[in-house]
Amino acid sequence: MSNNNNNQKNKDFLKAIFWISKLVYGLIPYLLLTLFVMEILTSIFPFIRQRLFSQLIDDVIALSQNKNNFLIKTFLALFVVRITISIVSRLQTMFYQTLGTKLRHELNKLFLKRVSNLDYQHFENKDSANLIAKVSEEYKWRMQEVIINILRLTSQTISLIAIFIILVPHYWFLVLVLFVTEIPAYFINQKWQKIDWKFFNDNIEKTRSGWDIAWQLTEKRFISELKISNSVNFLLNKFNQIFDKFIIGRIKIKQNKNTSQIPLIFISNLSVAFCIWVLLKDIRSGSITIGLLTFYYNAVGQVGQNFSGLLRSFIDISEQIPYVLDFKKIIELPHIVKNGQKKTGLKKTPLIEFKNISFKYPNSDDYIFKNLNLTIKANEEIAIVGINGAGKSTLIKLLCRFYDPQSGQILLNGIDIKKFDLSYWYKQLSVLFQEFNIYQNLTLKDNIIIGKPNSIITRQKIISSLKKSEAYNFIKEYKNGLNTMMGQRYGGKEPSWGQWQKIAIARIFYSDTPVLVLDEPTASIDATSEHKIFDRLYKQTKNKTLIIVSHRFSTVRNAQRIIVIDKGKIMEQGTHKELIKLKGLYAKSFKLQAQGYN
């Protein structure tokens with residue numbers, strides 16, 4: 001059974017090496033091939049140089065004995081080889097530096113593209129979130145280490161083959177001695193590599209929390225509250241508690257690993273001493289010249305050096321492989337929500353139907369909806385109200401296809417939403433989420449057009465969107481106008497949170513899609529601006545479907561239809577007047593909110 005396990009591990013190791021090589025070759029093919037050729041050259045040249053040097057020594061001895069020799073020719077050949085080695089070595093250093101910069105950049109592009117295109121629910125899933133956190137910290141430099149070690153393996157393997165050719169005909173037993181004494185290092189290193197990986201993996205939950213704390217301690221939106229509440233040290237202490245213990249654990253593993261290798265140093269040096277003694281014996285007997293002694297001595301020294309280097313490269317690759325394979329897992333994460341193929345059928349504002357929808361979140365036993373039915377007519381203005389946890393946001397997530405229901409269908413113009421290509425559906429849909437995005441590193445213009453970046457961009461359309469969202473009054477004072485950066489740290493302006501919300505609403509106006517969804521769209525906006533914004537929204541969405549999710553009745557009371565959700569069920573629906581007359585859940589909630597205003 002153990003042999004089968006070892007064979008499987010070896011197969012997995014080789015598969016991982018092949019996958020990494022193929023990936024990196026796809027990213028930087030010419031650079032990788034150039035370094036591969038250079039590794040071959042740098043593994044052969046030293047032996048040519050050593051042989052020429054040993055011949056030069058013999059030529060000098062022959063000259064001192066007035067024998068014919070080729071001293072000048074050997075010297076010139078050695079000089080040319082040394083110059084060539086120096087040039088190739090300098091070029092190799094330059095290309096390795098280029099490799100580091102270029103590979104990290106290409107991997108970063110690949111990682112960002114892949115992670116940003118993952119399904120929404122991957123980000124809400126604990127295992128996927130852990131995987132992303134684990135990989136994001138380490139994938140670039142670890143991948144670089146693996147590919148460098150693979151290239152070194154090429155050089156070390158060729159060097160060992162060259163040593164075989166040099167030593168085996170006369171000193172095969174020395175090669176055997178040197179190899180045998182290096183083998184224990186491989187198994188000892190493998191043992192500690194497994195211990196280190198297990199320790200890292202066992203602590204990923206804690207370290208992920210620690211990295212989140214590090215982000216919170218450097219993010220402006222957290223710092224203000226932390227300073228006022230004197231909580232900076234509280235979080236710093238939590239960060240230190242997590243990472244002090246973690247770092248001490250990793251240091252202890254590395255110290256124990258290196259301590260366990262001290263006896264191997266004596267064994268390795270004893271084997272080299274034995275080889276030198278054999279060579280000295282042969283020079284006394286006249287079997288080899290002094291020049292050949294230096295040549296064989298260097299070869300003997302390089303057996304241990306290259307073999308231990310070979311093992312170190314294997315061990316280093318083995319150490320990095322588990323981390324790199326996590327990167328592979330992210331690259332290969334499957335789409336949970338399967339994309340449809342249909343890219344037609346939604347030219348007009350669609351009829352939206354939720355039919356017998358039952359839904360619960362993954363890894364949960366509690367259903368949010370059971371047999372929910374809801375029809376939203378084309379060009380209808382509806383508002384969805386309910387207490388926190390009623391299912392309002394979940395309904396929007398299902399409409400966005402962040403999740404699919406366990407049973408039932410969502411129909412667009414009578415066609416199952418699953419049949420539509422997601423990018424095609426998203427072209428018909430704009431959503432302003434309660435936790436809307438702010439882009440301090442972008443200009444005001446980019447903050448607006450990001451709502452629909454592929455549309456024809458006109459200044460008039462941007463200004464019109466800002467006016468509709470009541471944002472133009474404050475942005476017209478910006479010295480750089482639409483080119484103003486939206487963060488002080490970028491030398492620009494710093495909008496208030498209410499102003500940010502107006503900019504986010506301007507994005508929705510700019511997107512101009514058939515279906516608009518606004519989740520708590522005016523939570524941070526003053527009442528006057530709110531009234532003006534919604535007056536424009538209702539007037540300018542006559543040919544669009546407008547879905548508003550809100551707790552503020554002033555926001556929803558003018559909707560054509562108000563839907564009251566409680567515990568995943570539609571409890572009431574109708575106009576504001578109808579629901580007030582009904583004296584049900586809506587009327588009670590409205591009365592409580594009105595009393596608060598009074």
# chains A, B, ... in the order shown; residues from 1 in each chain; ligands from 1
>>> closest_atom_pairs(of="stretch 66-135 of chain A", to="stretch 52-55 of chain A", cutoff="10 Å", atoms="only C-alpha atoms", output="JSON lines")
{"residue": "A:Asn69", "atom": "CA", "partner": "A:Gln55", "partner_atom": "CA", "distance": 10.0}
{"residue": "A:Phe70", "atom": "CA", "partner": "A:Gln55", "partner_atom": "CA", "distance": 9.2}
{"residue": "A:Leu71", "atom": "CA", "partner": "A:Gln55", "partner_atom": "CA", "distance": 8.6}
{"residue": "A:Thr74", "atom": "CA", "partner": "A:Leu52", "partner_atom": "CA", "distance": 6.4}
{"residue": "A:Phe75", "atom": "CA", "partner": "A:Leu52", "partner_atom": "CA", "distance": 7.9}
{"residue": "A:Leu76", "atom": "CA", "partner": "A:Leu52", "partner_atom": "CA", "distance": 9.8}
{"residue": "A:Ala77", "atom": "CA", "partner": "A:Leu52", "partner_atom": "CA", "distance": 7.4}
{"residue": "A:Leu78", "atom": "CA", "partner": "A:Leu52", "partner_atom": "CA", "distance": 5.8}
{"residue": "A:Phe79", "atom": "CA", "partner": "A:Leu52", "partner_atom": "CA", "distance": 9.6}
{"residue": "A:Val81", "atom": "CA", "partner": "A:Leu52", "partner_atom": "CA", "distance": 9.0}
>>> residues_around(residues="A:Phe553", least_positions_apart="3", cutoff="12 Å", atoms="only C-alpha atoms", output="mmCIF file with N, CA and C atoms, in the first residue's frame")
data_model
loop_
_atom_site.group_PDB
_atom_site.id
_atom_site.type_symbol
_atom_site.label_atom_id
_atom_site.label_comp_id
_atom_site.auth_asym_id
_atom_site.auth_seq_id
_atom_site.Cartn_x
_atom_site.Cartn_y
_atom_site.Cartn_z
ATOM 1 N N ALA A 383 -41.889 48.554 -5.198
ATOM 2 C CA ALA A 383 -41.036 48.718 -4.014
ATOM 3 C C ALA A 383 -41.181 47.478 -3.147
ATOM 4 N N ILE A 384 -40.050 47.016 -2.608
ATOM 5 C CA ILE A 384 -40.052 45.838 -1.737
ATOM 6 C C ILE A 384 -39.655 46.300 -0.346
ATOM 7 N N VAL A 385 -40.524 46.054 0.646
ATOM 8 C CA VAL A 385 -40.249 46.483 2.013
ATOM 9 C C VAL A 385 -40.348 45.286 2.946
ATOM 10 N N GLY A 386 -39.704 45.419 4.082
ATOM 11 C CA GLY A 386 -39.731 44.353 5.081
ATOM 12 C C GLY A 386 -38.608 44.559 6.072
ATOM 13 N N GLU A 520 -31.835 50.244 -0.861
ATOM 14 C CA GLU A 520 -31.605 51.345 0.085
ATOM 15 C C GLU A 520 -30.855 52.496 -0.608
ATOM 16 N N THR A 522 -31.171 55.766 -0.900
ATOM 17 C CA THR A 522 -31.003 57.127 -0.373
ATOM 18 C C THR A 522 -30.827 57.138 1.140
ATOM 19 N N ALA A 523 -30.235 56.082 1.669
ATOM 20 C CA ALA A 523 -30.097 55.951 3.131
ATOM 21 C C ALA A 523 -29.280 57.085 3.731
ATOM 22 N N ALA A 527 -33.463 64.656 2.958
ATOM 23 C CA ALA A 527 -34.846 64.461 2.512
ATOM 24 C C ALA A 527 -35.169 65.251 1.245
ATOM 25 N N GLU A 530 -33.539 63.558 -1.672
ATOM 26 C CA GLU A 530 -34.233 62.288 -1.883
ATOM 27 C C GLU A 530 -35.512 62.505 -2.682
ATOM 28 N N HIS A 531 -36.270 63.509 -2.303
ATOM 29 C CA HIS A 531 -37.532 63.801 -2.993
ATOM 30 C C HIS A 531 -37.268 64.119 -4.469
ATOM 31 N N ILE A 548 -37.325 48.992 -6.163
ATOM 32 C CA ILE A 548 -36.689 49.700 -5.058
ATOM 33 C C ILE A 548 -36.846 48.875 -3.783
ATOM 34 N N VAL A 549 -35.713 48.655 -3.102
ATOM 35 C CA VAL A 549 -35.721 47.995 -1.795
ATOM 36 C C VAL A 549 -35.370 49.063 -0.768
ATOM 37 N N SER A 550 -36.246 49.290 0.206
ATOM 38 C CA SER A 550 -35.973 50.371 1.145
ATOM 39 C C SER A 550 -36.726 50.178 2.455
ATOM 40 N N VAL A 556 -40.671 54.806 -0.871
ATOM 41 C CA VAL A 556 -41.445 53.784 -1.582
ATOM 42 C C VAL A 556 -42.918 54.158 -1.799
ATOM 43 N N ARG A 557 -43.406 55.178 -1.108
ATOM 44 C CA ARG A 557 -44.857 55.401 -1.084
ATOM 45 C C ARG A 557 -45.436 55.751 -2.456
ATOM 46 N N ASN A 558 -44.611 56.280 -3.367
ATOM 47 C CA ASN A 558 -45.113 56.658 -4.690
ATOM 48 C C ASN A 558 -44.960 55.551 -5.730
ATOM 49 N N ALA A 559 -44.469 54.391 -5.317
ATOM 50 C CA ALA A 559 -44.331 53.275 -6.261
ATOM 51 C C ALA A 559 -45.711 52.789 -6.696
ATOM 52 N N ILE A 562 -46.398 48.235 -3.985
ATOM 53 C CA ILE A 562 -45.500 47.978 -2.851
ATOM 54 C C ILE A 562 -45.718 46.534 -2.405
ATOM 55 N N VAL A 564 -44.818 43.746 0.447
ATOM 56 C CA VAL A 564 -44.363 43.589 1.834
ATOM 57 C C VAL A 564 -43.947 42.135 2.033
ATOM 58 N N THR A 575 -50.912 49.502 -3.664
ATOM 59 C CA THR A 575 -50.399 50.871 -3.596
ATOM 60 C C THR A 575 -50.304 51.295 -2.136
ATOM 61 N N HIS A 576 -49.680 52.440 -1.922
ATOM 62 C CA HIS A 576 -49.546 52.960 -0.553
ATOM 63 C C HIS A 576 -50.924 53.140 0.093
ATOM 64 N N LEU A 579 -52.589 49.802 0.959
ATOM 65 C CA LEU A 579 -51.974 49.115 2.104
ATOM 66 C C LEU A 579 -52.295 49.825 3.419
ATOM 67 N N ILE A 580 -52.404 51.133 3.378
ATOM 68 C CA ILE A 580 -52.793 51.879 4.582
ATOM 69 C C ILE A 580 -54.215 51.493 4.992
ATOM 70 N N TYR A 586 -47.852 46.646 6.775
ATOM 71 C CA TYR A 586 -47.326 47.877 6.183
ATOM 72 C C TYR A 586 -47.857 49.097 6.936
ATOM 73 N N ALA A 587 -49.134 49.119 7.173
ATOM 74 C CA ALA A 587 -49.757 50.272 7.851
ATOM 75 C C ALA A 587 -49.170 50.471 9.247
ATOM 76 N N LYS A 588 -48.943 49.391 9.963
ATOM 77 C CA LYS A 588 -48.358 49.485 11.308
ATOM 78 C C LYS A 588 -46.944 50.063 11.239
ATOM 79 N N SER A 589 -46.143 49.531 10.296
ATOM 80 C CA SER A 589 -44.761 49.998 10.151
ATOM 81 C C SER A 589 -44.728 51.464 9.728
ATOM 82 N N PHE A 590 -45.629 51.833 8.809
ATOM 83 C CA PHE A 590 -45.687 53.227 8.344
ATOM 84 C C PHE A 590 -46.042 54.163 9.504
ATOM 85 N N LYS A 591 -46.983 53.733 10.313
ATOM 86 C CA LYS A 591 -47.415 54.547 11.446
ATOM 87 C C LYS A 591 -46.275 54.749 12.452
ATOM 88 N N LEU A 592 -45.528 53.683 12.710
ATOM 89 C CA LEU A 592 -44.397 53.782 13.638
ATOM 90 C C LEU A 592 -43.345 54.752 13.115
ATOM 91 N N GLN A 593 -43.063 54.669 11.806
ATOM 92 C CA GLN A 593 -42.055 55.555 11.223
ATOM 93 C C GLN A 593 -42.547 56.992 11.205
ATOM 94 N N ALA A 594 -43.827 57.185 10.934
ATOM 95 C CA ALA A 594 -44.406 58.536 10.917
ATOM 96 C C ALA A 594 -44.344 59.169 12.303
ATOM 97 N N TYR A 597 -40.971 60.558 12.939
ATOM 98 C CA TYR A 597 -40.760 61.867 12.319
ATOM 99 C C TYR A 597 -41.461 62.973 13.100
#
>>> residues_around(residues="A:Thr443", least_positions_apart="6", cutoff="9 Å", atoms="only C-alpha atoms", output="PDB file with N, CA and C atoms, in the first residue's frame")
ATOM      1  N   LEU A 482     -14.733  66.937 -14.227  1.00  0.00           N
ATOM      2  CA  LEU A 482     -14.932  65.489 -14.312  1.00  0.00           C
ATOM      3  C   LEU A 482     -13.628  64.714 -14.155  1.00  0.00           C
ATOM      4  N   ASN A 483     -12.499  65.407 -14.293  1.00  0.00           N
ATOM      5  CA  ASN A 483     -11.194  64.746 -14.155  1.00  0.00           C
ATOM      6  C   ASN A 483     -10.659  64.788 -12.727  1.00  0.00           C
ATOM      7  N   THR A 484     -11.482  65.213 -11.798  1.00  0.00           N
ATOM      8  CA  THR A 484     -11.078  65.263 -10.381  1.00  0.00           C
ATOM      9  C   THR A 484     -10.982  63.855  -9.810  1.00  0.00           C
ATOM     10  N   MET A 485      -9.858  63.568  -9.170  1.00  0.00           N
ATOM     11  CA  MET A 485      -9.725  62.286  -8.471  1.00  0.00           C
ATOM     12  C   MET A 485     -10.628  62.309  -7.243  1.00  0.00           C
ATOM     13  N   MET A 486     -11.214  61.160  -6.912  1.00  0.00           N
ATOM     14  CA  MET A 486     -12.223  61.115  -5.859  1.00  0.00           C
ATOM     15  C   MET A 486     -11.671  60.675  -4.503  1.00  0.00           C
ATOM     16  N   GLY A 487     -10.441  61.073  -4.224  1.00  0.00           N
ATOM     17  CA  GLY A 487      -9.860  60.773  -2.921  1.00  0.00           C
ATOM     18  C   GLY A 487      -8.733  61.740  -2.618  1.00  0.00           C
ATOM     19  N   GLY A 492      -7.105  64.581  -4.846  1.00  0.00           N
ATOM     20  CA  GLY A 492      -8.401  65.039  -5.327  1.00  0.00           C
ATOM     21  C   GLY A 492      -9.323  65.481  -4.211  1.00  0.00           C
TER      22      GLY A 492
END
>>> select_by_dssp(residues="stretch 292-439 of chain A", states="strand (DSSP E or B)", output="MDAnalysis selection string")
chainID A and resid 342 352:360 367:376 381:385 407:412 415:416 420 429:432
>>> write_last_selection(atoms="N, CA and C atoms", output="mmCIF file, in the first residue's frame")
data_model
loop_
_atom_site.group_PDB
_atom_site.id
_atom_site.type_symbol
_atom_site.label_atom_id
_atom_site.label_comp_id
_atom_site.auth_asym_id
_atom_site.auth_seq_id
_atom_site.Cartn_x
_atom_site.Cartn_y
_atom_site.Cartn_z
ATOM 1 N N LYS A 342 -28.217 31.896 -24.542
ATOM 2 C CA LYS A 342 -29.162 32.741 -25.270
ATOM 3 C C LYS A 342 -28.794 34.221 -25.136
ATOM 4 N N ILE A 352 -40.885 39.911 -15.605
ATOM 5 C CA ILE A 352 -40.099 39.101 -14.672
ATOM 6 C C ILE A 352 -41.049 38.302 -13.793
ATOM 7 N N GLU A 353 -40.827 36.983 -13.744
ATOM 8 C CA GLU A 353 -41.709 36.114 -12.951
ATOM 9 C C GLU A 353 -40.883 35.194 -12.052
ATOM 10 N N PHE A 354 -41.190 35.216 -10.767
ATOM 11 C CA PHE A 354 -40.650 34.250 -9.813
ATOM 12 C C PHE A 354 -41.738 33.198 -9.616
ATOM 13 N N LYS A 355 -41.469 31.952 -10.050
ATOM 14 C CA LYS A 355 -42.505 30.913 -10.009
ATOM 15 C C LYS A 355 -42.109 29.789 -9.062
ATOM 16 N N ASN A 356 -42.880 29.648 -7.977
ATOM 17 C CA ASN A 356 -42.689 28.560 -7.003
ATOM 18 C C ASN A 356 -41.231 28.459 -6.542
ATOM 19 N N ILE A 357 -40.645 29.598 -6.191
ATOM 20 C CA ILE A 357 -39.228 29.647 -5.815
ATOM 21 C C ILE A 357 -39.036 29.154 -4.376
ATOM 22 N N SER A 358 -38.192 28.140 -4.245
ATOM 23 C CA SER A 358 -37.725 27.688 -2.925
ATOM 24 C C SER A 358 -36.207 27.838 -2.912
ATOM 25 N N PHE A 359 -35.685 28.487 -1.864
ATOM 26 C CA PHE A 359 -34.242 28.755 -1.837
ATOM 27 C C PHE A 359 -33.709 28.775 -0.410
ATOM 28 N N LYS A 360 -32.554 28.138 -0.249
ATOM 29 C CA LYS A 360 -31.774 28.245 0.982
ATOM 30 C C LYS A 360 -30.312 28.407 0.572
ATOM 31 N N TYR A 367 -34.659 27.487 4.909
ATOM 32 C CA TYR A 367 -35.122 28.056 3.641
ATOM 33 C C TYR A 367 -35.490 29.528 3.827
ATOM 34 N N ILE A 368 -35.000 30.367 2.920
ATOM 35 C CA ILE A 368 -35.394 31.782 2.908
ATOM 36 C C ILE A 368 -36.765 31.916 2.258
ATOM 37 N N PHE A 369 -36.943 31.197 1.131
ATOM 38 C CA PHE A 369 -38.226 31.198 0.432
ATOM 39 C C PHE A 369 -38.718 29.764 0.259
ATOM 40 N N LYS A 370 -40.010 29.591 0.329
ATOM 41 C CA LYS A 370 -40.642 28.313 -0.004
ATOM 42 C C LYS A 370 -41.853 28.597 -0.881
ATOM 43 N N ASN A 371 -41.742 28.143 -2.139
ATOM 44 C CA ASN A 371 -42.838 28.304 -3.109
ATOM 45 C C ASN A 371 -43.280 29.763 -3.253
ATOM 46 N N LEU A 372 -42.282 30.639 -3.382
ATOM 47 C CA LEU A 372 -42.571 32.065 -3.550
ATOM 48 C C LEU A 372 -43.005 32.343 -4.997
ATOM 49 N N ASN A 373 -44.047 33.150 -5.149
ATOM 50 C CA ASN A 373 -44.503 33.560 -6.477
ATOM 51 C C ASN A 373 -44.613 35.086 -6.515
ATOM 52 N N LEU A 374 -44.005 35.648 -7.566
ATOM 53 C CA LEU A 374 -44.046 37.106 -7.718
ATOM 54 C C LEU A 374 -43.897 37.444 -9.198
ATOM 55 N N THR A 375 -44.778 38.301 -9.680
ATOM 56 C CA THR A 375 -44.692 38.759 -11.066
ATOM 57 C C THR A 375 -44.458 40.266 -11.079
ATOM 58 N N ILE A 376 -43.441 40.678 -11.853
ATOM 59 C CA ILE A 376 -43.139 42.096 -12.027
ATOM 60 C C ILE A 376 -43.356 42.424 -13.496
ATOM 61 N N GLU A 381 -43.185 50.018 -11.720
ATOM 62 C CA GLU A 381 -42.412 50.560 -10.598
ATOM 63 C C GLU A 381 -42.869 49.844 -9.338
ATOM 64 N N ILE A 382 -41.990 49.039 -8.748
ATOM 65 C CA ILE A 382 -42.378 48.339 -7.522
ATOM 66 C C ILE A 382 -41.401 48.662 -6.407
ATOM 67 N N ALA A 383 -41.889 48.554 -5.198
ATOM 68 C CA ALA A 383 -41.036 48.718 -4.014
ATOM 69 C C ALA A 383 -41.181 47.478 -3.147
ATOM 70 N N ILE A 384 -40.050 47.016 -2.608
ATOM 71 C CA ILE A 384 -40.052 45.838 -1.737
ATOM 72 C C ILE A 384 -39.655 46.300 -0.346
ATOM 73 N N VAL A 385 -40.524 46.054 0.646
ATOM 74 C CA VAL A 385 -40.249 46.483 2.013
ATOM 75 C C VAL A 385 -40.348 45.286 2.946
ATOM 76 N N SER A 407 -35.464 25.025 -6.176
ATOM 77 C CA SER A 407 -36.589 24.612 -7.018
ATOM 78 C C SER A 407 -37.343 25.850 -7.482
ATOM 79 N N GLY A 408 -38.110 25.691 -8.552
ATOM 80 C CA GLY A 408 -38.840 26.804 -9.127
ATOM 81 C C GLY A 408 -38.046 27.457 -10.246
ATOM 82 N N GLN A 409 -38.630 28.471 -10.851
ATOM 83 C CA GLN A 409 -38.011 29.149 -11.985
ATOM 84 C C GLN A 409 -38.153 30.662 -11.871
ATOM 85 N N ILE A 410 -37.127 31.346 -12.416
ATOM 86 C CA ILE A 410 -37.234 32.785 -12.640
ATOM 87 C C ILE A 410 -37.315 32.961 -14.151
ATOM 88 N N LEU A 411 -38.393 33.573 -14.616
ATOM 89 C CA LEU A 411 -38.630 33.701 -16.049
ATOM 90 C C LEU A 411 -38.484 35.157 -16.493
ATOM 91 N N LEU A 412 -37.837 35.343 -17.639
ATOM 92 C CA LEU A 412 -37.745 36.648 -18.284
ATOM 93 C C LEU A 412 -38.466 36.529 -19.624
ATOM 94 N N ILE A 415 -39.090 32.989 -20.503
ATOM 95 C CA ILE A 415 -37.933 32.107 -20.732
ATOM 96 C C ILE A 415 -37.142 31.998 -19.433
ATOM 97 N N ASP A 416 -36.756 30.782 -19.091
ATOM 98 C CA ASP A 416 -35.979 30.550 -17.862
ATOM 99 C C ASP A 416 -34.704 31.389 -17.894
ATOM 100 N N PHE A 420 -30.293 32.306 -20.431
ATOM 101 C CA PHE A 420 -29.680 33.522 -20.961
ATOM 102 C C PHE A 420 -28.200 33.593 -20.595
ATOM 103 N N LEU A 429 -29.590 45.034 -17.016
ATOM 104 C CA LEU A 429 -29.814 45.180 -15.574
ATOM 105 C C LEU A 429 -28.795 46.125 -14.941
ATOM 106 N N SER A 430 -29.264 47.032 -14.097
ATOM 107 C CA SER A 430 -28.371 47.867 -13.277
ATOM 108 C C SER A 430 -28.807 47.730 -11.825
ATOM 109 N N VAL A 431 -27.839 47.577 -10.938
ATOM 110 C CA VAL A 431 -28.154 47.402 -9.518
ATOM 111 C C VAL A 431 -27.292 48.347 -8.684
ATOM 112 N N LEU A 432 -27.939 49.108 -7.825
ATOM 113 C CA LEU A 432 -27.233 49.895 -6.816
ATOM 114 C C LEU A 432 -27.418 49.171 -5.494
#
>>> atom_distance(atom1="atom CA of A:Leu466", atom2="atom CA of A:Lys479")
16.4 Å
>>> residues_around(residues="A:Phe36", least_positions_apart="6", cutoff="12 Å", atoms="only C-alpha atoms", output="tab-separated table (two decimals) with N, CA and C atoms, in the first residue's frame")
chain	number	residue	atom	x	y	z
A	21	SER	N	5.04	24.32	-15.44
A	21	SER	CA	5.89	24.63	-16.60
A	21	SER	C	5.03	25.09	-17.78
A	25	TYR	N	5.19	28.79	-19.28
A	25	TYR	CA	5.57	28.87	-20.70
A	25	TYR	C	4.52	29.65	-21.48
A	29	PRO	N	6.92	32.66	-22.82
A	29	PRO	CA	7.57	31.55	-23.54
A	29	PRO	C	9.03	31.82	-23.92
A	30	TYR	N	9.31	32.98	-24.53
A	30	TYR	CA	10.66	33.24	-25.04
A	30	TYR	C	11.66	33.42	-23.90
A	42	THR	N	25.60	27.14	-18.90
A	42	THR	CA	26.32	27.38	-17.64
A	42	THR	C	26.63	26.09	-16.88
A	43	SER	N	25.96	24.99	-17.24
A	43	SER	CA	26.27	23.71	-16.59
A	43	SER	C	27.44	23.00	-17.27
A	92	GLN	N	22.56	35.91	-17.93
A	92	GLN	CA	21.67	35.04	-17.17
A	92	GLN	C	21.07	35.79	-15.98
A	95	PHE	N	18.43	38.16	-17.26
A	95	PHE	CA	17.20	37.49	-17.66
A	95	PHE	C	16.43	36.94	-16.45
A	96	TYR	N	17.15	36.51	-15.40
A	96	TYR	CA	16.46	36.05	-14.19
A	96	TYR	C	15.76	37.21	-13.49
A	99	LEU	N	12.78	37.78	-15.46
A	99	LEU	CA	11.82	36.71	-15.16
A	99	LEU	C	11.01	37.05	-13.91
A	147	ILE	N	9.64	27.76	-10.57
A	147	ILE	CA	10.16	27.77	-11.95
A	147	ILE	C	11.68	27.96	-11.95
A	148	ILE	N	12.20	28.75	-11.01
A	148	ILE	CA	13.66	28.90	-10.90
A	148	ILE	C	14.30	27.58	-10.53
A	149	ASN	N	13.68	26.85	-9.60
A	149	ASN	CA	14.23	25.56	-9.20
A	149	ASN	C	14.13	24.52	-10.31
A	150	ILE	N	13.07	24.61	-11.13
A	150	ILE	CA	12.97	23.70	-12.27
A	150	ILE	C	14.12	23.96	-13.25
A	151	LEU	N	14.43	25.24	-13.48
A	151	LEU	CA	15.55	25.59	-14.36
A	151	LEU	C	16.88	25.13	-13.76
A	152	ARG	N	17.00	25.27	-12.45
A	152	ARG	CA	18.23	24.81	-11.79
A	152	ARG	C	18.38	23.30	-11.88
A	153	LEU	N	17.24	22.60	-11.80
A	153	LEU	CA	17.29	21.14	-11.95
A	153	LEU	C	17.90	20.75	-13.28
A	154	THR	N	17.59	21.50	-14.33
A	154	THR	CA	18.16	21.25	-15.66
A	154	THR	C	19.68	21.36	-15.60
A	155	SER	N	20.15	22.46	-15.03
A	155	SER	CA	21.59	22.70	-14.93
A	155	SER	C	22.28	21.63	-14.08
A	158	ILE	N	22.41	18.16	-15.84
A	158	ILE	CA	23.44	18.11	-16.89
A	158	ILE	C	24.83	18.07	-16.26
>>> closest_residue(among="A:Glu106, A:Leu14, A:Glu182, A:Phe295", to="A:Arg49", atoms="only C-alpha atoms")
A:Phe295
>>> closest_atom_pairs(of="stretch 121-184 of chain A", to="stretch 200-204 of chain A", cutoff="12 Å", atoms="only C-alpha atoms", output="JSON lines")
{"residue": "A:Lys126", "atom": "CA", "partner": "A:Ile204", "partner_atom": "CA", "distance": 11.5}
{"residue": "A:Asp127", "atom": "CA", "partner": "A:Ile204", "partner_atom": "CA", "distance": 10.6}
{"residue": "A:Ala129", "atom": "CA", "partner": "A:Ile204", "partner_atom": "CA", "distance": 10.8}
{"residue": "A:Asn130", "atom": "CA", "partner": "A:Ile204", "partner_atom": "CA", "distance": 7.1}
{"residue": "A:Leu131", "atom": "CA", "partner": "A:Ile204", "partner_atom": "CA", "distance": 8.9}
{"residue": "A:Ile132", "atom": "CA", "partner": "A:Ile204", "partner_atom": "CA", "distance": 10.9}
{"residue": "A:Ala133", "atom": "CA", "partner": "A:Ile204", "partner_atom": "CA", "distance": 8.5}
{"residue": "A:Lys134", "atom": "CA", "partner": "A:Ile204", "partner_atom": "CA", "distance": 6.9}
{"residue": "A:Val135", "atom": "CA", "partner": "A:Ile204", "partner_atom": "CA", "distance": 10.6}
{"residue": "A:Glu137", "atom": "CA", "partner": "A:Ile204", "partner_atom": "CA", "distance": 11.4}
{"residue": "A:Glu138", "atom": "CA", "partner": "A:Phe200", "partner_atom": "CA", "distance": 11.9}
>>> residues_around(residues="A:Lys338", least_positions_apart="6", cutoff="12 Å", atoms="only C-alpha atoms", output="PDB file with C-alpha atoms, in the first residue's frame")
ATOM      1  CA  LEU A 118     -15.508  33.839  -9.868  1.00  0.00           C
ATOM      2  CA  ASP A 119     -19.148  33.330  -8.988  1.00  0.00           C
ATOM      3  CA  ARG A 401     -28.235  35.008 -10.632  1.00  0.00           C
ATOM      4  CA  PHE A 402     -25.643  35.153  -7.879  1.00  0.00           C
ATOM      5  CA  TYR A 403     -27.479  32.034  -6.717  1.00  0.00           C
ATOM      6  CA  ASP A 404     -29.932  29.647  -8.325  1.00  0.00           C
ATOM      7  CA  ILE A 417     -33.272  32.995 -16.732  1.00  0.00           C
ATOM      8  CA  LYS A 418     -30.771  30.101 -16.734  1.00  0.00           C
ATOM      9  CA  LYS A 419     -30.951  29.958 -20.537  1.00  0.00           C
ATOM     10  CA  PHE A 420     -29.680  33.522 -20.961  1.00  0.00           C
ATOM     11  CA  ASP A 421     -26.013  34.404 -21.260  1.00  0.00           C
ATOM     12  CA  LEU A 422     -25.156  36.234 -18.027  1.00  0.00           C
TER      13      LEU A 422
END
>>> closest_atom_pairs(of="stretch 139-212 of chain A", to="stretch 296-300 of chain A", cutoff="10 Å", atoms="only C-alpha atoms", output="JSON lines")
{"residue": "A:Ser159", "atom": "CA", "partner": "A:Ala299", "partner_atom": "CA", "distance": 9.6}
{"residue": "A:Leu160", "atom": "CA", "partner": "A:Ala299", "partner_atom": "CA", "distance": 9.4}
{"residue": "A:Ala162", "atom": "CA", "partner": "A:Ala299", "partner_atom": "CA", "distance": 9.1}
{"residue": "A:Ile163", "atom": "CA", "partner": "A:Ala299", "partner_atom": "CA", "distance": 6.1}
{"residue": "A:Phe164", "atom": "CA", "partner": "A:Ala299", "partner_atom": "CA", "distance": 9.2}
{"residue": "A:Ile166", "atom": "CA", "partner": "A:Ala299", "partner_atom": "CA", "distance": 7.7}
{"residue": "A:Leu167", "atom": "CA", "partner": "A:Tyr296", "partner_atom": "CA", "distance": 7.3}
{"residue": "A:Tyr171", "atom": "CA", "partner": "A:Tyr296", "partner_atom": "CA", "distance": 9.3}
{"residue": "A:Leu174", "atom": "CA", "partner": "A:Val300", "partner_atom": "CA", "distance": 7.9}
{"residue": "A:Val175", "atom": "CA", "partner": "A:Val300", "partner_atom": "CA", "distance": 7.8}
{"residue": "A:Leu178", "atom": "CA", "partner": "A:Val300", "partner_atom": "CA", "distance": 8.1}
